[in-house]
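Participant: Coordinates in structure15.cif, mmCIF, C-alpha atoms, are listed below.
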```
data_structure
loop_
_atom_site.label_atom_id
_atom_site.label_comp_id
_atom_site.auth_asym_id
_atom_site.auth_seq_id
_atom_site.Cartn_x
_atom_site.Cartn_y
_atom_site.Cartn_z
CA LEU A 1 25.08 -7.93 9.89
CA MET A 2 24.60 -7.20 6.21
CA ALA A 3 27.21 -4.45 6.35
CA PHE A 4 29.83 -6.98 7.47
CA ASP A 5 29.11 -9.37 4.57
CA TYR A 6 31.78 -8.01 2.24
CA PRO A 7 31.40 -7.15 -0.69
CA ILE A 8 27.68 -7.71 -1.42
CA GLY A 9 26.28 -6.70 1.96
CA THR A 10 28.49 -3.62 2.11
CA TRP A 11 27.22 -2.45 -1.28
CA THR A 12 23.64 -3.22 -0.30
CA VAL A 13 23.79 -1.14 2.88
CA GLY A 14 25.74 1.60 1.10
CA SER A 15 23.16 1.81 -1.69
CA LEU A 16 20.47 2.53 0.90
CA ALA A 17 22.05 5.97 1.31
CA VAL A 18 20.96 6.65 -2.29
CA ILE A 19 17.74 4.64 -2.47
CA ILE A 20 16.00 6.03 0.63
CA PRO A 21 16.42 9.72 -0.30
CA ALA A 22 15.35 8.88 -3.88
CA LEU A 23 12.12 7.29 -2.62
CA ILE A 24 11.41 10.24 -0.34
CA GLY A 25 12.16 12.75 -3.10
CA GLY A 26 9.97 10.81 -5.54
CA TRP A 27 7.07 10.90 -3.12
CA PHE A 28 7.36 14.67 -2.74
CA LEU A 29 7.39 15.01 -6.54
CA VAL A 30 4.19 13.00 -7.10
CA ARG A 31 2.16 13.56 -3.94
CA GLU A 32 0.14 16.42 -5.45
CA ARG A 33 -0.96 14.15 -8.31
CA VAL A 34 -1.78 11.32 -5.91
CA LEU A 35 -3.90 13.63 -3.77
CA ALA A 36 -5.68 15.02 -6.86
CA ILE A 37 -6.52 11.50 -8.05
CA ALA A 38 -7.76 10.59 -4.56
CA GLN A 39 -10.01 13.67 -4.51
CA ASP A 40 -11.53 12.66 -7.86
CA ARG A 41 -12.31 9.19 -6.50
CA ILE A 42 -14.21 10.38 -3.40
CA GLY A 43 -17.66 8.79 -3.39
CA HIS A 44 -16.94 6.46 -6.31
CA THR A 45 -16.36 2.83 -5.54
CA GLY A 46 -16.66 1.36 -9.00
CA ASP A 47 -18.86 -1.57 -9.99
CA PHE A 48 -18.59 -3.33 -6.65
CA PRO A 49 -19.20 -1.91 -3.16
CA VAL A 50 -16.23 -1.43 -0.88
CA VAL A 51 -18.07 -3.00 2.06
CA ALA A 52 -19.64 -6.29 1.16
CA ASN A 53 -23.32 -6.64 1.98
CA VAL A 54 -23.06 -10.16 3.32
CA PRO A 55 -26.27 -11.65 4.71
CA PRO A 56 -26.13 -12.81 8.33
CA PRO A 57 -25.35 -16.49 8.89
CA ARG A 58 -28.40 -18.75 8.95
CA ASP A 59 -29.33 -20.58 12.08
CA ARG A 60 -28.27 -24.21 11.71
CA LYS A 61 -31.40 -25.37 13.49
CA LYS A 62 -34.22 -24.88 11.04
CA LYS A 63 -37.42 -23.71 12.65
CA ARG A 64 -40.44 -25.52 11.24
#
```
What is this file in structure tokens?
Facilitator:
Amino acid sequence: LMAFDYPIGTWTVGSLAVIIPALIGGWFLVRERVLAIAQDRIGHTGDFPVVANVPPPRDRKKKR
């Protein structure tokens, strides 16, 4: 439907022919760097754990 909304929709759909290949090409240009950064981060989670160590919920009925 966007393609039939002349002139804005037509330009929007037409620009996808440029934008999509540019995004794919950009990914292929930087993927080696992204993978290298990911390899450096293996085993390092920073100051906070990735999985929270949340205590189990307390029983609402207190045992006395």
Participant: Specify the axis-aligned box that encloses all atoms of stretch 35-39 of chain A listed in the file after padding of 5 Å on each side, stating its centre and edge lengths in Å to one decimal as JSON.
Facilitator:
```
{"center_x": -7.0, "center_y": 12.8, "center_z": -5.9, "size_x": 16.1, "size_y": 14.4, "size_z": 14.3}
```
Participant: Can you tell me, as a ChimeraX atom specification, what residues are no more than 8 Å from A:Met2 when counting only C-alpha atoms, ignoring any on the same chain fewer than 3 positions away?
Facilitator: /A:5,9-10,12-13
Participant: Calculated over only C-alpha atoms, which of the candidates A:Ala22, A:Val30, A:Leu16, A:Ala36 has the smallest distance to A:Ala3?
Facilitator: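 Between A:Ala22, A:Val30, A:Leu16, A:Ala36, the residue approaching A:Ala3 most closely is A:Leu16.
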Participant: At what distance in Å, to one decimal, does atom CA of A:Leu1 lie from atom CA of A:Gly14?
Facilitator: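 Atom CA of A:Leu1 lies 13.0 Å from atom CA of A:Gly14.
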Participant: Give me, please, the distance in Å between atom CA of A:Ile24 and atom CA of A:Trp11, quoted to one decimal.
Facilitator: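 Between atom CA of A:Ile24 and atom CA of A:Trp11 the gap works out to 20.3 Å.
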Participant: To one decimal in Å, tell me the separation between atom CA of A:Asp40 and atom CA of A:Gly26.
Facilitator: 21.7 Å
Participant: N, CA and C atoms for stretch 14-39 of chain A, written as a PDB file, in the frame of the given file, could you do that?
Facilitator:
```pdb
ATOM      1  N   GLY A  14      25.295   0.318   1.643  1.00  0.00           N
ATOM      2  CA  GLY A  14      25.740   1.600   1.100  1.00  0.00           C
ATOM      3  C   GLY A  14      24.759   2.177   0.092  1.00  0.00           C
ATOM      4  N   SER A  15      24.119   1.319  -0.686  1.00  0.00           N
ATOM      5  CA  SER A  15      23.160   1.810  -1.690  1.00  0.00           C
ATOM      6  C   SER A  15      21.900   2.371  -1.036  1.00  0.00           C
ATOM      7  N   LEU A  16      21.628   1.980   0.198  1.00  0.00           N
ATOM      8  CA  LEU A  16      20.470   2.530   0.900  1.00  0.00           C
ATOM      9  C   LEU A  16      20.600   4.034   1.104  1.00  0.00           C
ATOM     10  N   ALA A  17      21.832   4.527   1.174  1.00  0.00           N
ATOM     11  CA  ALA A  17      22.050   5.970   1.310  1.00  0.00           C
ATOM     12  C   ALA A  17      21.577   6.718   0.070  1.00  0.00           C
ATOM     13  N   VAL A  18      21.464   6.033  -1.052  1.00  0.00           N
ATOM     14  CA  VAL A  18      20.960   6.650  -2.290  1.00  0.00           C
ATOM     15  C   VAL A  18      19.481   6.326  -2.486  1.00  0.00           C
ATOM     16  N   ILE A  19      19.098   5.093  -2.200  1.00  0.00           N
ATOM     17  CA  ILE A  19      17.740   4.640  -2.470  1.00  0.00           C
ATOM     18  C   ILE A  19      16.707   5.330  -1.581  1.00  0.00           C
ATOM     19  N   ILE A  20      16.976   5.437  -0.298  1.00  0.00           N
ATOM     20  CA  ILE A  20      16.000   6.030   0.630  1.00  0.00           C
ATOM     21  C   ILE A  20      15.712   7.485   0.296  1.00  0.00           C
ATOM     22  N   PRO A  21      16.728   8.341   0.094  1.00  0.00           N
ATOM     23  CA  PRO A  21      16.420   9.720  -0.300  1.00  0.00           C
ATOM     24  C   PRO A  21      15.709   9.802  -1.659  1.00  0.00           C
ATOM     25  N   ALA A  22      16.026   8.878  -2.577  1.00  0.00           N
ATOM     26  CA  ALA A  22      15.350   8.880  -3.880  1.00  0.00           C
ATOM     27  C   ALA A  22      13.865   8.563  -3.718  1.00  0.00           C
ATOM     28  N   LEU A  23      13.527   7.616  -2.864  1.00  0.00           N
ATOM     29  CA  LEU A  23      12.120   7.290  -2.620  1.00  0.00           C
ATOM     30  C   LEU A  23      11.389   8.460  -1.967  1.00  0.00           C
ATOM     31  N   ILE A  24      12.030   9.099  -1.005  1.00  0.00           N
ATOM     32  CA  ILE A  24      11.410  10.240  -0.340  1.00  0.00           C
ATOM     33  C   ILE A  24      11.225  11.395  -1.319  1.00  0.00           C
ATOM     34  N   GLY A  25      12.254  11.681  -2.103  1.00  0.00           N
ATOM     35  CA  GLY A  25      12.160  12.750  -3.100  1.00  0.00           C
ATOM     36  C   GLY A  25      11.094  12.452  -4.148  1.00  0.00           C
ATOM     37  N   GLY A  26      10.994  11.195  -4.570  1.00  0.00           N
ATOM     38  CA  GLY A  26       9.970  10.810  -5.540  1.00  0.00           C
ATOM     39  C   GLY A  26       8.577  11.008  -4.996  1.00  0.00           C
ATOM     40  N   TRP A  27       8.383  10.700  -3.724  1.00  0.00           N
ATOM     41  CA  TRP A  27       7.070  10.900  -3.120  1.00  0.00           C
ATOM     42  C   TRP A  27       6.715  12.381  -3.116  1.00  0.00           C
ATOM     43  N   PHE A  28       7.652  13.240  -2.760  1.00  0.00           N
ATOM     44  CA  PHE A  28       7.360  14.670  -2.740  1.00  0.00           C
ATOM     45  C   PHE A  28       7.081  15.203  -4.140  1.00  0.00           C
ATOM     46  N   LEU A  29       7.646  14.574  -5.165  1.00  0.00           N
ATOM     47  CA  LEU A  29       7.390  15.010  -6.540  1.00  0.00           C
ATOM     48  C   LEU A  29       5.995  14.615  -7.024  1.00  0.00           C
ATOM     49  N   VAL A  30       5.471  13.480  -6.576  1.00  0.00           N
ATOM     50  CA  VAL A  30       4.190  13.000  -7.100  1.00  0.00           C
ATOM     51  C   VAL A  30       3.029  13.119  -6.135  1.00  0.00           C
ATOM     52  N   ARG A  31       3.251  13.581  -4.923  1.00  0.00           N
ATOM     53  CA  ARG A  31       2.160  13.560  -3.940  1.00  0.00           C
ATOM     54  C   ARG A  31       1.002  14.461  -4.318  1.00  0.00           C
ATOM     55  N   GLU A  32       1.243  15.558  -5.011  1.00  0.00           N
ATOM     56  CA  GLU A  32       0.140  16.420  -5.450  1.00  0.00           C
ATOM     57  C   GLU A  32      -0.763  15.674  -6.431  1.00  0.00           C
ATOM     58  N   ARG A  33      -0.159  14.932  -7.351  1.00  0.00           N
ATOM     59  CA  ARG A  33      -0.960  14.150  -8.310  1.00  0.00           C
ATOM     60  C   ARG A  33      -1.727  13.047  -7.607  1.00  0.00           C
ATOM     61  N   VAL A  34      -1.102  12.394  -6.652  1.00  0.00           N
ATOM     62  CA  VAL A  34      -1.780  11.320  -5.910  1.00  0.00           C
ATOM     63  C   VAL A  34      -2.967  11.881  -5.150  1.00  0.00           C
ATOM     64  N   LEU A  35      -2.794  13.022  -4.505  1.00  0.00           N
ATOM     65  CA  LEU A  35      -3.900  13.630  -3.770  1.00  0.00           C
ATOM     66  C   LEU A  35      -5.014  14.082  -4.701  1.00  0.00           C
ATOM     67  N   ALA A  36      -4.668  14.596  -5.888  1.00  0.00           N
ATOM     68  CA  ALA A  36      -5.680  15.020  -6.860  1.00  0.00           C
ATOM     69  C   ALA A  36      -6.489  13.814  -7.350  1.00  0.00           C
ATOM     70  N   ILE A  37      -5.822  12.720  -7.609  1.00  0.00           N
ATOM     71  CA  ILE A  37      -6.520  11.500  -8.050  1.00  0.00           C
ATOM     72  C   ILE A  37      -7.422  10.987  -6.933  1.00  0.00           C
ATOM     73  N   ALA A  38      -6.948  11.039  -5.692  1.00  0.00           N
ATOM     74  CA  ALA A  38      -7.760  10.590  -4.560  1.00  0.00           C
ATOM     75  C   ALA A  38      -8.994  11.467  -4.395  1.00  0.00           C
ATOM     76  N   GLN A  39      -8.862  12.766  -4.613  1.00  0.00           N
ATOM     77  CA  GLN A  39     -10.010  13.670  -4.510  1.00  0.00           C
ATOM     78  C   GLN A  39     -11.046  13.359  -5.586  1.00  0.00           C
TER      79      GLN A  39
END
```
